[in-house]
Amino acid sequence: MRGHLIAALDIGSTKTSAVIGEVMADAGRPAVLNVLGVGQARTSGMRREVVTHIEETTESVLKAMKEAELMAGVTVDRVFAGIAGDHIQGMPSLGMVAVGGEEISREDVDRAHRLAQAVNLPPDRELIHAIPREYRVDQEGGVADPVGMAGMRLEAEVYLVTASASAANNLRRAVARAGYGVQELVLEPLAASRAVLTQDEKEIGVALVEVGGGTTEVAVFHEGMFRHVAIFPFGGLTVTQDLVKGLSIPFQEAQKAKELYGAALAQLVDPRETLELPGPAPGQRRHVARELLAHVVEQRMDEIFGLVREDLERHGLLDLLGAGVVLTGGSVTMPGMPELAGQALGTAVRVGLPGEGLSGFAEPLALPRFATVAGLALYGMDRFLETGRGASTPASNLMTRLWAWIREFF
Ligand SMILES: Nc1ncnc2c1ncn2[C@@H]1O[C@H](COP(=O)(O)OP(=O)(O)OP(=O)(O)O)[C@@H](O)[C@H]1O
Ligand SMILES: [Mg+2]
C-alpha cells in the first residue's frame, strides 16, 4: 500500500518529463517526496512552450507518463503540469478591505485576497497564480501575517500570473487526451525555483534563470517574496539554429556538435582544436575550429543574458540580487555558462541541481534540466499538504481516466 501519490509533468520544447512520488510527511520533520518513477520522451507538437499539434504532444505525454508509471509500479490519474511561454504575464495587484478597528481575522485576509484577484481579465487570459506577497495594516507595510493585528484598513498585495487562455486550454487538452487530469497548471520557473533555491537566497534576493530549449525563463525573489517573472522566446534551440546557419550543417549535426563540444566562452577553448563536421555535399567532411563553434554559442548566449539583464534593470531588480543568479535548464551544462552569465549580469552565479526535498529514486533528477519537473512534484506535494488536494486516487483510477477521455470527446 502506497501513501499519497503526487505526479508532475513538464512538457518542454524539446523533452517531456514526468515524475511520480510519494509524500513522506512525519510530524516535526520537513516533508520529503519519495521519488518512485521518472519518465522522459522527446517533445513533438510544441513550439516555444505552446502546443501546435495536439496529437503529437499527447503522444509525448503518454510516453513520459507511462514510463514513470511503469518504473513506479503505480498508476496516477492527475498531474501538476508546468506552463511557460512568452504569453505569460505577471503583475502586482492590491486588495483593500475595511476592518473596523477590530482584530484582523483569517476571513478579512481572504476577503482582501479575493479583491486583489478580482481584476478584469480579458476573455483570452487565464489567471494561473495569485501569489501573496505582503500586507499593509493602516499604511504600515511589510507585514508578513496580519491575522490577530488590530487596524482599520487591511491591504493585501498579491502577484498575479496570467497566461493565454487558449495556450492553457490546449495544454490541458493534450494531457486529458492522454488520460490524465491537470490538477493545477504551475508557472515553470516558479516550479524550478521550488526545487533549487534556498530560503536564504529568496530572502537575500535571487534570480532563477532557466535556459531551456525554446525559452529562457526568469523568476526573481527578494525578502522571501516572489517579485517578478519574465520569459524570453530564445534558448538552446536558438543557439543550434545559429550553428546551422553559421556552419552550414544540418540541425541534428549542429545539435550534436553543440552538446559534445559547445562552450559558452570562446577563450576557454584551445584555438588549435578542430572538429570534423559534415560538409555541404553528401559524404563530404571538413574541419572546423572548436573556437568558432564556441564563438557562435557565446554571441547568442551573451545576447540572451543581455535581455535578462535589461529586464531586471528595467524592473529595478538587478541591485536586489544579493544572492546572485541560479542557472537551470538543459543549456547551462555547457562549459563557460556560469562565467558568461556572471560577466553579462554582473552577479555571482551558481548552477542549480534538484535534490533537496527529494528521496528515493532522486538521483537521475540531479541535473539542471530536471529542475522544472522536480519542482513541479515538490510544488504538488506542498499543495497537497496545504489543501489535502492533488494526490492521485489509484482505486478509482480507471474510471477517472475513462471520464477524462469521454469528456474530451463529447
Ligand atoms: N551537454 C549539453 N550542452 C549544451 N547544450 C545542451 C546539453 N544538453 C542539453 N542541451 C540543450 O538544452 C536544451 C534543452 O534544455 P531543456 O531540457 O531544459 O529544455 P526544455 O524543457 O525541453 O525546453 P523549454 O523549457 O525551453 O521549453 C536543448 O537546446 C539542448 O541542445
Ligand atoms: Mg523546460
# chains A, B, ... in the order shown; residues from 1 in each chain; ligands from 1
>>> residues_around(residues="Thr16 in chain A", least_positions_apart="4", cutoff="10 Å", atoms="only C-alpha atoms", output="list in words")
Leu9, Asp10, Ile11, Gly12, Gly39, Gln40, Ala41, Arg42, Thr43, Ser44, Thr57, Ser60, Val61, Leu62, Lys63, Ala64, Met65 and Val373 of chain A
>>> select_by_dssp(residues="range 202-379 of chain A", states="helix (DSSP H, G or I)", output="number ranges by chain")
A: 202-204, 236-247, 251-261, 266-268, 290-314, 318-320, 330-333, 337-345, 363-365, 368-379
>>> closest_residue(among="A:Gln343, A:Thr393, A:Gln139, A:Thr328", to="Ala366 in chain A", atoms="only C-alpha atoms")
A:Thr328
>>> closest_atom_pairs(of="chain A", to="ligand 1", cutoff="6 Å", atoms="only C-alpha atoms and all ligand atoms", output="JSON lines")
{"residue": "A:Gly12", "atom": "CA", "partner": "ligand 1", "partner_atom_place_in_ligand_line": "21 (O)", "distance": 3.6}
{"residue": "A:Ser13", "atom": "CA", "partner": "ligand 1", "partner_atom_place_in_ligand_line": "27 (O)", "distance": 3.6}
{"residue": "A:Thr14", "atom": "CA", "partner": "ligand 1", "partner_atom_place_in_ligand_line": "22 (O)", "distance": 3.4}
{"residue": "A:Lys15", "atom": "CA", "partner": "ligand 1", "partner_atom_place_in_ligand_line": "22 (O)", "distance": 4.2}
{"residue": "A:Arg48", "atom": "CA", "partner": "ligand 1", "partner_atom_place_in_ligand_line": "27 (O)", "distance": 5.6}
{"residue": "A:Glu49", "atom": "CA", "partner": "ligand 1", "partner_atom_place_in_ligand_line": "27 (O)", "distance": 4.8}
{"residue": "A:Gly212", "atom": "CA", "partner": "ligand 1", "partner_atom_place_in_ligand_line": "18 (O)", "distance": 3.5}
{"residue": "A:Gly213", "atom": "CA", "partner": "ligand 1", "partner_atom_place_in_ligand_line": "26 (O)", "distance": 3.7}
{"residue": "A:Gly214", "atom": "CA", "partner": "ligand 1", "partner_atom_place_in_ligand_line": "26 (O)", "distance": 3.8}
{"residue": "A:Thr215", "atom": "CA", "partner": "ligand 1", "partner_atom_place_in_ligand_line": "26 (O)", "distance": 3.8}
{"residue": "A:Gly236", "atom": "CA", "partner": "ligand 1", "partner_atom_place_in_ligand_line": "29 (O)", "distance": 3.3}
{"residue": "A:Leu237", "atom": "CA", "partner": "ligand 1", "partner_atom_place_in_ligand_line": "29 (O)", "distance": 4.3}
{"residue": "A:Gln255", "atom": "CA", "partner": "ligand 1", "partner_atom_place_in_ligand_line": "31 (O)", "distance": 5.6}
{"residue": "A:Lys258", "atom": "CA", "partner": "ligand 1", "partner_atom_place_in_ligand_line": "4 (C)", "distance": 5.6}
{"residue": "A:Glu259", "atom": "CA", "partner": "ligand 1", "partner_atom_place_in_ligand_line": "3 (N)", "distance": 3.6}
{"residue": "A:Gly329", "atom": "CA", "partner": "ligand 1", "partner_atom_place_in_ligand_line": "18 (O)", "distance": 3.6}
{"residue": "A:Gly330", "atom": "CA", "partner": "ligand 1", "partner_atom_place_in_ligand_line": "15 (O)", "distance": 3.3}
{"residue": "A:Ser331", "atom": "CA", "partner": "ligand 1", "partner_atom_place_in_ligand_line": "12 (O)", "distance": 3.8}
{"residue": "A:Thr333", "atom": "CA", "partner": "ligand 1", "partner_atom_place_in_ligand_line": "2 (C)", "distance": 5.2}
{"residue": "A:Met334", "atom": "CA", "partner": "ligand 1", "partner_atom_place_in_ligand_line": "3 (N)", "distance": 4.4}
{"residue": "A:Arg369", "atom": "CA", "partner": "ligand 1", "partner_atom_place_in_ligand_line": "18 (O)", "distance": 4.2}
>>> atom_distance(atom1="CA of Val218 in chain A", atom2="CA of Ile231 in chain A")
6.2 Å
>>> closest_atom_pairs(of="range 199-276 of chain A", to="range 169-191 of chain A", cutoff="12 Å", atoms="only C-alpha atoms", output="CSV")
residue,atom,partner,partner_atom,distance
A:Lys202,CA,A:Leu190,CA,12.0
A:Ala207,CA,A:Pro189,CA,10.0
A:Leu208,CA,A:Pro189,CA,7.3
A:Val209,CA,A:Pro189,CA,7.9
A:Glu210,CA,A:Pro189,CA,7.0
A:Val211,CA,A:Pro189,CA,10.3
A:Gly212,CA,A:Pro189,CA,10.7
A:Thr215,CA,A:Pro189,CA,10.8
A:Thr216,CA,A:Pro189,CA,9.3
A:Glu217,CA,A:Pro189,CA,6.0
A:Val218,CA,A:Pro189,CA,6.4
A:Ala219,CA,A:Pro189,CA,5.8
A:Val220,CA,A:Leu190,CA,9.1
A:Phe221,CA,A:Leu190,CA,10.0
A:Met225,CA,A:Leu190,CA,11.6
A:Phe226,CA,A:Leu190,CA,8.6
A:Arg227,CA,A:Leu190,CA,10.8
A:His228,CA,A:Leu190,CA,10.0
A:Val229,CA,A:Pro189,CA,7.8
A:Ala230,CA,A:Pro189,CA,9.1
A:Ile231,CA,A:Pro189,CA,8.9
A:Phe232,CA,A:Pro189,CA,12.0
>>> residues_around(residues="Glu203 in chain A", least_positions_apart="2", cutoff="12 Å", atoms="only C-alpha atoms", output="JSON, numbers by chain")
{"A": [197, 198, 199, 200, 201, 205, 206, 207, 220, 221, 222, 223, 224, 225, 226, 227, 320, 321, 322, 323, 324]}
